[in-house]
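Raw run_27.cif, mmCIF, C-alpha atoms:
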data_model
#
loop_
_atom_site.label_atom_id
_atom_site.label_comp_id
_atom_site.auth_asym_id
_atom_site.auth_seq_id
_atom_site.Cartn_x
_atom_site.Cartn_y
_atom_site.Cartn_z
CA MET D 198 46.86 87.94 127.24
CA THR D 199 46.31 91.61 127.88
CA GLY D 200 50.03 92.04 127.53
CA HIS D 201 50.58 95.56 128.75
CA ASP D 202 53.29 94.32 131.05
CA HIS D 203 54.99 92.01 128.64
CA ASP D 204 57.44 94.15 126.81
CA HIS D 205 60.56 92.04 126.95
CA HIS D 206 62.48 94.76 128.68
CA ASP D 207 59.87 95.05 131.38
CA HIS D 208 60.12 93.12 134.60
CA HIS D 209 57.70 91.07 136.53
CA HIS D 210 57.81 93.16 139.64
CA HIS D 211 56.72 96.44 138.07
CA HIS D 212 53.74 98.20 139.59
CA ASP D 213 51.60 97.88 136.49
CA HIS D 214 51.79 94.14 136.57
CA ASP D 215 48.61 92.21 136.02
CA HIS D 216 48.81 89.80 138.94
CA SER D 217 45.96 87.54 137.87
CA GLU D 218 47.78 86.79 134.63
CA LEU D 219 51.05 85.97 136.32
CA SER D 220 49.28 83.54 138.60
CA GLU D 221 47.69 81.95 135.53
CA THR D 222 51.20 81.21 134.25
CA GLU D 223 52.34 80.04 137.67
CA LEU D 224 49.40 77.65 137.90
CA ARG D 225 50.01 76.39 134.38
CA VAL D 226 53.66 75.58 135.11
CA ARG D 227 52.80 73.92 138.42
CA ALA D 228 50.12 71.77 136.78
CA LEU D 229 52.42 70.90 133.91
CA GLU D 230 55.16 69.76 136.27
CA SER D 231 52.75 67.50 138.11
CA ILE D 232 51.43 66.02 134.84
CA LEU D 233 54.96 65.32 133.57
CA THR D 234 56.03 63.87 136.91
CA GLU D 235 52.95 61.66 137.15
CA LYS D 236 53.53 60.40 133.63
CA GLY D 237 57.09 59.51 134.60
CA TYR D 238 58.77 61.86 132.11
CA VAL D 239 60.62 64.01 134.63
CA ASP D 240 62.15 63.46 138.05
CA PRO D 241 61.58 66.56 140.25
CA ALA D 242 65.01 65.93 141.84
CA SER D 243 66.59 66.47 138.41
CA LEU D 244 64.70 69.76 138.06
CA ASP D 245 66.03 70.90 141.44
CA LEU D 246 69.57 70.01 140.38
CA LEU D 247 69.25 71.90 137.10
CA ILE D 248 68.02 75.01 138.89
CA ASP D 249 70.79 74.77 141.47
CA LEU D 250 73.39 74.39 138.73
CA TYR D 251 72.28 77.52 136.87
CA GLU D 252 71.70 79.60 140.00
CA LYS D 253 74.89 78.67 141.86
CA LYS D 254 77.54 77.07 139.64
CA ILE D 255 77.18 78.43 136.12
CA GLY D 256 77.46 82.21 136.06
CA PRO D 257 79.59 85.23 135.20
CA ARG D 258 82.13 84.44 137.92
CA ASN D 259 83.39 81.72 135.58
CA GLY D 260 83.98 84.19 132.77
CA ILE D 261 85.57 86.60 135.23
CA ARG D 262 88.20 83.94 136.06
CA VAL D 263 88.89 83.44 132.35
CA VAL D 264 89.37 87.17 131.75
CA ALA D 265 91.52 87.73 134.84
CA LYS D 266 93.76 84.81 133.87
CA ALA D 267 94.06 86.09 130.30
CA TRP D 268 95.06 89.52 131.65
CA SER D 269 97.70 88.11 133.98
CA ASP D 270 99.10 85.14 132.07
CA PRO D 271 100.36 85.87 128.52
CA ALA D 272 100.65 82.19 127.60
CA TYR D 273 97.02 81.61 128.64
CA HIS D 274 95.97 84.71 126.70
CA ALA D 275 97.60 83.26 123.58
CA ARG D 276 95.85 79.89 124.05
CA LEU D 277 92.51 81.62 124.66
CA MET D 278 92.74 83.62 121.45
CA LYS D 279 93.81 80.55 119.46
CA ASP D 280 91.31 77.99 120.80
CA ALA D 281 88.89 79.52 123.28
CA THR D 282 86.89 76.32 123.89
CA ALA D 283 90.03 74.43 124.96
CA ALA D 284 91.46 77.30 127.03
CA ILE D 285 88.15 77.78 128.86
CA ALA D 286 87.98 74.02 129.49
CA GLU D 287 91.38 74.29 131.23
CA LEU D 288 89.50 76.17 133.97
CA ASP D 289 86.89 73.39 133.99
CA TYR D 290 84.11 75.31 132.20
CA SER D 291 82.47 73.53 129.31
CA GLY D 292 79.26 72.19 127.88
CA ARG D 293 75.77 73.32 126.98
CA GLN D 294 75.73 76.58 125.01
CA GLY D 295 79.50 76.86 125.13
CA GLU D 296 80.54 73.98 122.91
CA HIS D 297 82.16 76.26 120.32
CA MET D 298 83.68 79.34 121.94
CA VAL D 299 85.36 82.31 120.30
CA VAL D 300 86.94 85.11 122.34
CA VAL D 301 86.97 88.59 120.78
CA GLU D 302 89.41 91.06 122.26
CA ASN D 303 88.79 94.75 122.78
CA THR D 304 91.60 97.11 121.81
CA PRO D 305 91.94 100.90 121.75
CA GLU D 306 90.96 100.65 118.06
CA GLN D 307 88.01 98.25 118.28
CA HIS D 308 85.21 97.55 120.76
CA ASN D 309 83.27 94.28 120.47
CA MET D 310 79.64 93.67 121.42
CA VAL D 311 77.69 90.39 121.33
CA VAL D 312 73.99 89.88 120.59
CA CYS D 313 71.58 87.22 119.37
CA THR D 314 68.99 88.99 117.25
CA LEU D 315 67.00 85.78 116.61
CA CYS D 316 66.63 84.44 120.16
CA SER D 317 68.93 84.48 123.19
CA CYS D 318 72.19 82.67 122.32
CA TYR D 319 74.72 83.37 125.04
CA PRO D 320 77.83 81.55 126.35
CA HIS D 321 76.30 79.78 129.37
CA PRO D 322 79.40 78.01 130.79
CA VAL D 323 81.20 81.35 131.25
CA LEU D 324 78.35 83.83 131.74
CA GLY D 325 75.39 81.76 132.99
CA LEU D 326 71.87 82.41 131.72
CA PRO D 327 71.36 85.74 129.96
CA PRO D 328 69.80 88.72 131.74
CA VAL D 329 66.31 89.87 130.70
CA TRP D 330 67.65 92.87 128.76
CA TYR D 331 69.85 90.63 126.59
CA LYS D 332 66.76 88.67 125.49
CA SER D 333 64.60 91.79 125.10
CA ALA D 334 63.34 93.35 121.88
CA PRO D 335 65.12 96.69 122.48
CA TYR D 336 68.54 95.04 122.71
CA ARG D 337 68.00 92.48 119.95
CA SER D 338 66.68 95.11 117.53
CA ARG D 339 69.16 97.92 118.20
CA ALA D 340 72.47 96.18 119.01
CA VAL D 341 73.11 95.60 115.30
CA SER D 342 71.81 98.93 113.95
CA ASP D 343 72.59 101.42 116.75
CA PRO D 344 75.19 99.91 119.07
CA ARG D 345 76.44 103.32 120.21
CA GLY D 346 72.89 104.18 121.25
CA VAL D 347 72.68 100.89 123.15
CA LEU D 348 75.99 101.66 124.87
CA GLN D 349 74.50 105.01 125.89
CA ASP D 350 71.62 103.14 127.55
CA PHE D 351 74.33 101.46 129.65
CA GLY D 352 76.04 104.78 130.36
CA VAL D 353 79.02 103.91 128.17
CA ALA D 354 80.49 106.46 125.73
CA LEU D 355 83.40 105.39 123.52
CA PRO D 356 85.59 107.68 121.42
CA GLU D 357 84.00 108.43 118.04
CA THR D 358 87.00 106.92 116.32
CA THR D 359 86.77 103.55 118.11
CA LYS D 360 85.46 100.97 115.69
CA ILE D 361 82.38 99.09 116.91
CA ARG D 362 82.19 95.44 115.97
CA VAL D 363 78.94 93.59 116.69
CA TRP D 364 78.81 89.79 116.68
CA ASP D 365 75.31 88.38 116.03
CA SER D 366 75.26 84.80 117.36
CA THR D 367 73.11 83.24 114.65
CA ALA D 368 74.56 79.69 114.81
CA GLU D 369 76.15 77.60 117.60
CA ILE D 370 79.34 79.66 117.96
CA ARG D 371 79.31 81.53 121.28
CA TYR D 372 81.28 84.73 121.82
CA LEU D 373 82.98 86.11 124.92
CA VAL D 374 84.40 89.63 124.90
CA LEU D 375 87.86 90.03 126.42
CA PRO D 376 87.79 93.60 127.73
CA MET D 377 90.89 95.80 127.91
CA ARG D 378 92.88 95.46 131.11
CA PRO D 379 92.48 98.72 133.04
CA LYS D 380 95.49 100.98 133.34
CA GLY D 381 97.17 101.21 136.72
CA THR D 382 96.95 97.49 137.41
CA GLU D 383 100.55 96.57 136.71
CA GLY D 384 101.69 93.75 138.94
CA TRP D 385 98.16 92.87 140.10
CA SER D 386 97.37 89.20 140.70
CA ALA D 387 94.61 87.39 138.83
CA GLU D 388 92.51 87.53 142.02
CA GLN D 389 92.89 91.31 142.24
CA LEU D 390 92.15 91.76 138.53
CA ALA D 391 89.02 89.61 138.83
CA GLU D 392 87.50 92.33 141.05
CA LEU D 393 87.48 94.67 138.06
CA VAL D 394 85.71 92.39 135.58
CA THR D 395 81.95 92.82 135.16
CA ARG D 396 79.47 90.62 133.34
CA ASP D 397 78.52 93.41 130.96
CA SER D 398 82.18 94.01 130.07
CA MET D 399 82.26 90.41 128.79
CA ILE D 400 79.17 91.02 126.60
CA GLY D 401 80.49 94.35 125.37
CA THR D 402 77.77 96.55 126.85
CA GLY D 403 80.03 97.68 129.67
CA LEU D 404 83.64 98.38 130.54
CA PRO D 405 85.67 96.89 133.39
CA LYS D 406 85.84 98.81 136.64
CA GLN D 407 88.85 101.04 137.16
CA PRO D 408 91.26 100.55 140.08
CA GLY D 409 89.71 102.29 143.08
CA GLU D 410 86.15 101.71 141.78
CA THR D 411 85.90 98.42 143.67
CA ALA D 412 84.60 99.13 147.11
CA MET G 231 60.35 81.95 108.79
CA ASP G 232 60.11 85.74 108.71
CA GLY G 233 58.61 86.05 112.20
CA ALA G 234 58.56 88.57 115.03
CA HIS G 235 61.57 86.84 116.59
CA ASP G 236 63.83 88.14 113.81
CA MET G 237 64.40 91.53 115.42
CA GLY G 238 67.67 92.89 114.03
CA GLY G 239 67.19 96.51 112.97
CA ALA G 240 63.50 96.73 113.95
CA LYS G 241 62.41 100.17 115.18
CA GLY G 242 60.27 101.40 118.04
CA PHE G 243 61.11 99.02 120.88
CA GLY G 244 62.63 101.81 122.97
CA PRO G 245 65.69 101.88 125.19
CA VAL G 246 67.43 98.90 126.76
CA VAL G 247 66.58 98.84 130.45
CA PRO G 248 69.11 96.86 132.52
CA GLU G 249 67.88 95.64 135.90
CA PRO G 250 70.33 96.24 138.75
CA ASN G 251 71.31 93.07 140.62
CA GLU G 252 69.07 90.96 138.43
CA PRO G 253 68.36 87.45 139.76
CA VAL G 254 68.87 84.43 137.48
CA PHE G 255 65.14 83.71 137.58
CA HIS G 256 62.21 85.99 138.42
CA GLY G 257 60.09 83.76 140.59
CA GLU G 258 59.57 80.06 141.05
CA TRP G 259 57.60 79.48 137.83
CA GLU G 260 60.53 80.65 135.71
CA ARG G 261 62.85 78.24 137.54
CA ARG G 262 60.50 75.33 136.95
CA ALA G 263 59.67 76.26 133.32
CA PHE G 264 63.38 76.45 132.51
CA ALA G 265 64.23 73.16 134.22
CA LEU G 266 61.22 71.36 132.69
CA THR G 267 62.27 72.50 129.22
CA VAL G 268 65.85 71.28 129.68
CA ALA G 269 64.81 68.00 131.33
CA MET G 270 62.10 67.21 128.75
CA SER G 271 64.47 67.29 125.79
CA ARG G 272 65.55 63.73 126.66
CA PRO G 273 62.10 62.08 126.79
CA GLY G 274 60.96 64.41 124.00
CA GLY G 275 63.87 63.59 121.71
CA TRP G 276 63.71 66.94 119.92
CA ASN G 277 66.80 68.91 118.92
CA ILE G 278 67.69 72.55 119.64
CA ASP G 279 66.54 73.71 116.21
CA MET G 280 63.13 72.12 116.70
CA SER G 281 62.89 73.89 120.09
CA ARG G 282 63.76 77.24 118.56
CA PHE G 283 61.18 76.80 115.82
CA ALA G 284 58.50 75.81 118.34
CA ARG G 285 59.16 79.09 120.18
CA GLU G 286 59.31 81.43 117.20
CA ASN G 287 56.56 79.86 115.08
CA ARG G 288 53.67 81.91 116.41
CA PRO G 289 51.76 85.05 115.45
CA PRO G 290 53.74 88.25 116.09
CA GLU G 291 51.22 89.54 118.64
CA ASP G 292 51.60 86.30 120.60
CA TYR G 293 55.42 86.31 120.42
CA LEU G 294 55.67 89.96 121.42
CA SER G 295 53.14 89.82 124.27
CA LYS G 296 54.70 86.86 126.05
CA SER G 297 57.67 87.16 128.40
CA TYR G 298 60.77 85.12 127.55
CA PHE G 299 59.96 82.13 129.75
CA GLN G 300 56.29 82.26 128.72
CA ILE G 301 57.56 81.67 125.17
CA TRP G 302 59.66 78.78 126.44
CA LEU G 303 56.59 77.32 128.16
CA ALA G 304 54.47 77.68 125.03
CA GLY G 305 57.25 76.12 122.93
CA LEU G 306 57.56 73.19 125.35
CA GLU G 307 53.81 72.58 125.25
CA THR G 308 53.86 72.58 121.44
CA LEU G 309 56.77 70.13 121.25
CA MET G 310 55.15 67.73 123.73
CA ILE G 311 51.72 67.83 122.09
CA GLU G 312 53.24 67.24 118.62
CA ARG G 313 54.90 64.07 119.93
CA GLY G 314 51.88 62.74 121.82
CA LEU G 315 53.58 63.07 125.22
CA VAL G 316 50.68 65.12 126.57
CA THR G 317 47.44 66.37 125.04
CA SER G 318 46.26 69.95 124.92
CA GLU G 319 43.22 68.81 126.95
CA GLU G 320 45.57 67.66 129.71
CA ILE G 321 47.43 70.97 129.71
CA GLU G 322 44.16 72.94 129.85
CA ALA G 323 42.69 70.66 132.54
CA GLY G 324 45.95 70.65 134.49
CA LYS G 325 45.75 66.93 135.14
CA VAL G 326 46.59 63.58 133.58
CA LEU G 327 43.80 62.31 131.29
CA SER G 328 45.64 59.70 129.24
CA PRO G 329 48.32 57.07 129.87
CA PRO G 330 51.96 58.05 129.39
CA LYS G 331 53.68 57.40 126.10
CA PRO G 332 55.55 54.09 126.57
CA ASP G 333 59.33 53.67 126.58
CA VAL G 334 60.41 57.27 127.07
CA LYS G 335 63.81 57.99 128.61
CA THR G 336 63.96 60.39 131.53
CA LEU G 337 66.85 62.50 132.79
CA PRO G 338 67.85 60.92 136.12
CA PRO G 339 69.47 63.15 138.77
CA GLN G 340 72.89 61.53 138.33
CA ASP G 341 72.89 62.51 134.64
CA VAL G 342 72.11 66.21 135.16
CA VAL G 343 75.61 67.59 135.69
CA PRO G 344 77.35 65.30 133.13
CA THR G 345 74.72 66.13 130.49
CA ILE G 346 75.09 69.88 130.92
CA ARG G 347 78.88 69.68 131.19
CA ARG G 348 79.09 67.63 128.01
CA GLY G 349 76.76 69.80 125.93
CA ALA G 350 76.16 68.85 122.33
CA SER G 351 78.80 69.77 119.78
CA THR G 352 77.37 70.67 116.39
CA GLU G 353 80.68 70.26 114.54
CA ARG G 354 80.84 67.35 112.07
CA PRO G 355 83.55 65.99 109.74
CA ALA G 356 83.77 67.77 106.40
CA THR G 357 82.72 65.77 103.38
CA SER G 358 83.57 68.39 100.77
CA PRO G 359 85.94 71.36 100.54
CA ALA G 360 84.76 74.80 101.65
CA LEU G 361 83.41 76.86 98.76
CA PHE G 362 84.49 80.21 100.20
CA ALA G 363 87.82 81.46 101.54
CA VAL G 364 88.52 83.86 104.39
CA GLY G 365 88.70 87.37 102.96
CA GLU G 366 86.36 86.63 100.07
CA THR G 367 83.36 88.88 99.35
CA VAL G 368 80.01 87.08 99.32
CA ARG G 369 76.36 88.03 98.95
CA MET G 370 73.74 86.74 101.38
CA LYS G 371 70.91 85.09 99.49
CA GLU G 372 67.60 86.92 99.34
CA ILE G 373 65.48 83.98 100.50
CA HIS G 374 62.38 83.70 102.68
CA PRO G 375 62.13 80.15 104.03
CA GLN G 376 58.69 79.24 105.36
CA THR G 377 60.25 77.08 108.06
CA HIS G 378 63.09 77.60 110.56
CA THR G 379 66.12 79.55 109.40
CA ARG G 380 69.04 81.28 111.09
CA LEU G 381 69.56 83.75 108.27
CA PRO G 382 68.29 87.06 109.67
CA GLN G 383 66.31 89.32 107.35
CA TYR G 384 68.54 92.36 107.90
CA VAL G 385 71.52 90.81 106.08
CA ARG G 386 69.69 89.19 103.16
CA GLY G 387 70.79 90.48 99.78
CA HIS G 388 73.79 92.30 101.29
CA LEU G 389 77.49 92.01 100.57
CA GLY G 390 79.84 90.84 103.29
CA THR G 391 83.32 89.44 103.79
CA ILE G 392 84.15 85.98 105.05
CA GLU G 393 86.05 86.56 108.29
CA LEU G 394 86.19 83.12 109.97
CA ASN G 395 85.63 79.54 108.89
CA HIS G 396 84.28 77.44 111.79
CA GLY G 397 84.32 74.05 110.09
CA CYS G 398 81.24 72.00 109.22
CA HIS G 399 78.24 72.25 111.53
CA VAL G 400 74.77 70.71 111.76
CA PHE G 401 72.56 72.79 109.45
CA ALA G 402 69.85 74.34 111.61
CA ASP G 403 67.28 74.88 108.85
CA LEU G 404 67.06 71.20 107.92
CA ASN G 405 67.77 69.85 111.41
CA SER G 406 64.65 71.67 112.64
CA LEU G 407 62.57 69.63 110.20
CA GLY G 408 63.81 66.27 111.49
CA VAL G 409 65.29 65.30 108.13
CA GLY G 410 68.87 64.82 109.32
CA GLU G 411 71.80 67.00 110.30
CA ASN G 412 73.02 67.79 106.77
CA PRO G 413 76.20 69.52 108.03
CA GLN G 414 77.56 72.45 106.04
CA TRP G 415 80.52 74.80 106.27
CA LEU G 416 79.82 77.61 108.72
CA TYR G 417 81.38 81.06 108.35
CA THR G 418 81.43 84.36 110.16
CA VAL G 419 80.48 86.97 107.57
CA ARG G 420 81.18 90.63 108.35
CA PHE G 421 79.25 93.60 106.94
CA ASP G 422 80.05 97.28 106.99
CA GLY G 423 77.37 99.29 108.80
CA PRO G 424 76.53 101.46 105.74
CA GLU G 425 76.04 98.33 103.59
CA LEU G 426 73.23 97.23 105.90
CA TRP G 427 71.75 100.49 107.14
CA GLY G 428 72.51 103.10 104.50
CA LYS G 429 75.20 105.61 103.70
CA ASP G 430 74.51 107.87 106.68
CA THR G 431 75.37 105.07 109.08
CA ASP G 432 78.26 105.40 111.52
CA PRO G 433 81.23 104.31 109.34
CA THR G 434 83.03 102.81 112.35
CA LEU G 435 80.32 100.14 112.69
CA SER G 436 80.60 96.60 111.40
CA ILE G 437 78.37 93.64 112.14
CA SER G 438 78.78 89.93 111.61
CA VAL G 439 76.49 86.94 111.49
CA ASP G 440 77.38 83.25 111.47
CA ALA G 441 76.12 81.80 108.21
CA TRP G 442 75.97 78.32 106.71
CA GLU G 443 77.33 77.92 103.20
CA SER G 444 73.93 77.56 101.55
CA TYR G 445 72.99 81.08 102.76
CA LEU G 446 75.79 82.52 100.61
CA GLU G 447 76.43 83.15 96.95
CA ARG G 448 79.43 84.48 95.07
CA ALA G 449 79.39 88.24 94.79
#
For the file at hand, write its structure as structure tokens.
Amino acid sequence: MTGHDHDHHDHHHHHDHDHSELSETELRVRALESILTEKGYVDPASLDLLIDLYEKKIGPRNGIRVVAKAWSDPAYHARLMKDATAAIAELDYSGRQGEHMVVVENTPEQHNMVVCTLCSCYPHPVLGLPPVWYKSAPYRSRAVSDPRGVLQDFGVALPETTKIRVWDSTAEIRYLVLPMRPKGTEGWSAEQLAELVTRDSMIGTGLPKQPGETA
Amino acid sequence: MDGAHDMGGAKGFGPVVPEPNEPVFHGEWERRAFALTVAMSRPGGWNIDMSRFARENRPPEDYLSKSYFQIWLAGLETLMIERGLVTSEEIEAGKVLSPPKPDVKTLPPQDVVPTIRRGASTERPATSPALFAVGETVRMKEIHPQTHTRLPQYVRGHLGTIELNHGCHVFADLNSLGVGENPQWLYTVRFDGPELWGKDTDPTLSISVDAWESYLERA
């Protein structure tokens, strides 16, 4: 483990990557899969299905539907704020790492941001698997002590008077940020509004797109 | 365990670097390591708290030099070796050297989607009334468990306010030891930024953690 490329915020495709070490990991995983298959512990078809599920079915588009519906349907918004797990299940999203959901709503007075300082807890049914930066040491260390600095890393500047509220997911409660509906979207359908919702706006490290920003 | 995984407030890790158009997995080995970890929890029989401890229970230099899925891989190997599912010799040799452990359950393809969709609720019926009320001021205990805990170091000893009561949930610290679920009341406890980081801290900042009742004491 030479480790010069293993800062959590670094990525595997960077130029300084030590290729021999990556192939060591690749070989180790390949060998492990064949051992576990040969011993009858895993079915490779189940592995393929799991990968397909997390690459194609479980992702931020689910959360985007939740947010767009909350923006366009006041009764749904009320249900979502009262019992997020049940309201999210209405759209058929449920399960692993989303068993106990809480939605936190951004307002002009307060901006919410979600982190897991201890590992990588993240609401999978609505956002999918977390991005590398969410699991990285820079985010996990600074989100709770310098959230405005973190927002700056994302190019987001909030008014100095806006309260910043950080939710550290240290148990099995999973948080989804409900961003503020952009101005100038009166009368838009849920489908139109969905175009404005970004993954990062549902973590609290970004803001929704503004009308006209969606090309 | 006060390990390198407990990162809240640590200094020197630099800026957050988002990756544009990031894929779900970076390469085939991450896909397989992820799927193996999820699929092996059935034959392995471990719980989520045991998995987390297997990942974080390592020397800081090891934890910090591994990528996220390399930690998952190392955690999976530890869990399997502990339970006699594979030996470290087999992992190093990359081939089967001993017979499989008998009578293990596998995750068949038809169970994949239902298992993920069902998840595993950690809420349990309450057996005693909650000790703390929403709005009450509490102090986080100054404790340093040697084993798994979900009480981060940066809030220990500090004063916070109970903001939400989530009901009774499986207690991670004990569940990780395999001694039962021992459910406890779980609360969201909110702290003012200056309480945690000093008087010069941005006064608009507040932070919360989710804390089991035994992490708290009356202020």
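Within 12 Å of the file-frame point (83.4, 90.1, 97.2), and using only C-alpha atoms, the polymer residues found are Phe362, Ala363, Val364, Gly365, Glu366, Thr367, Val368, Arg369, Met370, His388, Leu389, Gly390, Thr391, Ile392, Glu393, Val419, Arg420, Phe421, Leu446, Glu447, Arg448 and Ala449 of chain G.
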May I have the selected residues written with C-alpha atoms, as a short mmCIF file (atom, residue, chain, number, x, y, z; two decimals), keeping the file's coordinate frame?
data_model
loop_
_atom_site.label_atom_id
_atom_site.label_comp_id
_atom_site.auth_asym_id
_atom_site.auth_seq_id
_atom_site.Cartn_x
_atom_site.Cartn_y
_atom_site.Cartn_z
CA PHE G 362 84.49 80.21 100.20
CA ALA G 363 87.82 81.46 101.54
CA VAL G 364 88.52 83.86 104.39
CA GLY G 365 88.70 87.37 102.96
CA GLU G 366 86.36 86.63 100.07
CA THR G 367 83.36 88.88 99.35
CA VAL G 368 80.01 87.08 99.32
CA ARG G 369 76.36 88.03 98.95
CA MET G 370 73.74 86.74 101.38
CA HIS G 388 73.79 92.30 101.29
CA LEU G 389 77.49 92.01 100.57
CA GLY G 390 79.84 90.84 103.29
CA THR G 391 83.32 89.44 103.79
CA ILE G 392 84.15 85.98 105.05
CA GLU G 393 86.05 86.56 108.29
CA VAL G 419 80.48 86.97 107.57
CA ARG G 420 81.18 90.63 108.35
CA PHE G 421 79.25 93.60 106.94
CA LEU G 446 75.79 82.52 100.61
CA GLU G 447 76.43 83.15 96.95
CA ARG G 448 79.43 84.48 95.07
CA ALA G 449 79.39 88.24 94.79
#
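What separates atom CA of G:Pro289 from atom CA of G:Ala234 is a distance of 7.7 Å.
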Residues of chain D within 7 Å of chain G, counting all atoms listed in the file, what are they? List them as an MDAnalysis selection string.
chainID D and resid 200 203:206 223 226 228:229 232 236 238:240 242:244 246:248 252 291:294 296 314:316 326 330 334:339 341:342 347 350 358:368
One number please: atom CA of D:His308 to atom CA of D:Ala272, in Å, one decimal.
22.8 Å
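The list of residues with at least one atom within 9 Å of G:His378, based on all atoms listed in the file and without residues fewer than 2 positions apart in the same chain, reads G:Met231, G:Asp232, G:Asp279, G:Met280, G:Arg282, G:Phe283, G:Glu286, G:Asn287, G:Pro375, G:Gln376, G:Arg380, G:Ala402, G:Asp403, G:Leu404, G:Ser406, G:Leu407.
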Around all the atoms of stretch 266-269 of chain D listed in the file, draw an axis-aligned box and extend it by 3 Å on each of the six sides; I want its centre and edge lengths in Å to one decimal, as lines of an AutoDock Vina configuration file.
center_x = 95.7
center_y = 87.2
center_z = 132.1
size_x = 9.9
size_y = 10.7
size_z = 9.7
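Near stretch 373-375 of chain D, within a cut-off of 7 Å and counting only C-alpha atoms, sit the residues Val264, Val299, Val300, Val301, Glu302, Asn303, Asn309, Met399, Ile400 and Gly401 of chain D, with same-chain residues fewer than 3 positions away left out.
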I would like the residues chosen by the PyMOL selection byres ((chain D and resi 380) around 12) on the shown file; could you give them as a PyMOL selection string?
chain D and resi 268+377-379+381-385+390+393+405-409
Let me see the file: selected residues, C-alpha atoms, as a short mmCIF file (atom, residue, chain, number, x, y, z; two decimals), in the frame of the given file.
data_model
loop_
_atom_site.label_atom_id
_atom_site.label_comp_id
_atom_site.auth_asym_id
_atom_site.auth_seq_id
_atom_site.Cartn_x
_atom_site.Cartn_y
_atom_site.Cartn_z
CA TRP D 268 95.06 89.52 131.65
CA MET D 377 90.89 95.80 127.91
CA ARG D 378 92.88 95.46 131.11
CA PRO D 379 92.48 98.72 133.04
CA GLY D 381 97.17 101.21 136.72
CA THR D 382 96.95 97.49 137.41
CA GLU D 383 100.55 96.57 136.71
CA GLY D 384 101.69 93.75 138.94
CA TRP D 385 98.16 92.87 140.10
CA LEU D 390 92.15 91.76 138.53
CA LEU D 393 87.48 94.67 138.06
CA PRO D 405 85.67 96.89 133.39
CA LYS D 406 85.84 98.81 136.64
CA GLN D 407 88.85 101.04 137.16
CA PRO D 408 91.26 100.55 140.08
CA GLY D 409 89.71 102.29 143.08
#
Mind pulling up the distance from atom CA of G:Ser281 to atom CA of D:Glu230?
18.4 Å
Name the residues, using the chain letters and numbers of the file, that sit within 10 Å of (91.4, 84.8, 133.0) when counting all atoms listed in the file, and give them as a ChimeraX atom specification.
/D:259-270,273-274,277,284-285,288,375,387-388,390-391,394
With the PyMOL selection byres ((chain D and resi 323) around 7) as the selection, what would be picked from this file? Answer as a PyMOL selection string, please.
chain D and resi 255-257+259-260+290+320-322+324-325
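Closest approach to D:Asp343 among D:Asp249, D:Pro376, D:Thr282, D:Met310 is made by D:Met310 (distances from all atoms listed in the file).
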Go through G:Pro355, G:Glu411, G:His374, G:Pro290 one by one, measure the shortest atom-to-atom distance of each to G:Gly387 using all atoms listed in the file, and give the residue with the smallest value.
G:His374
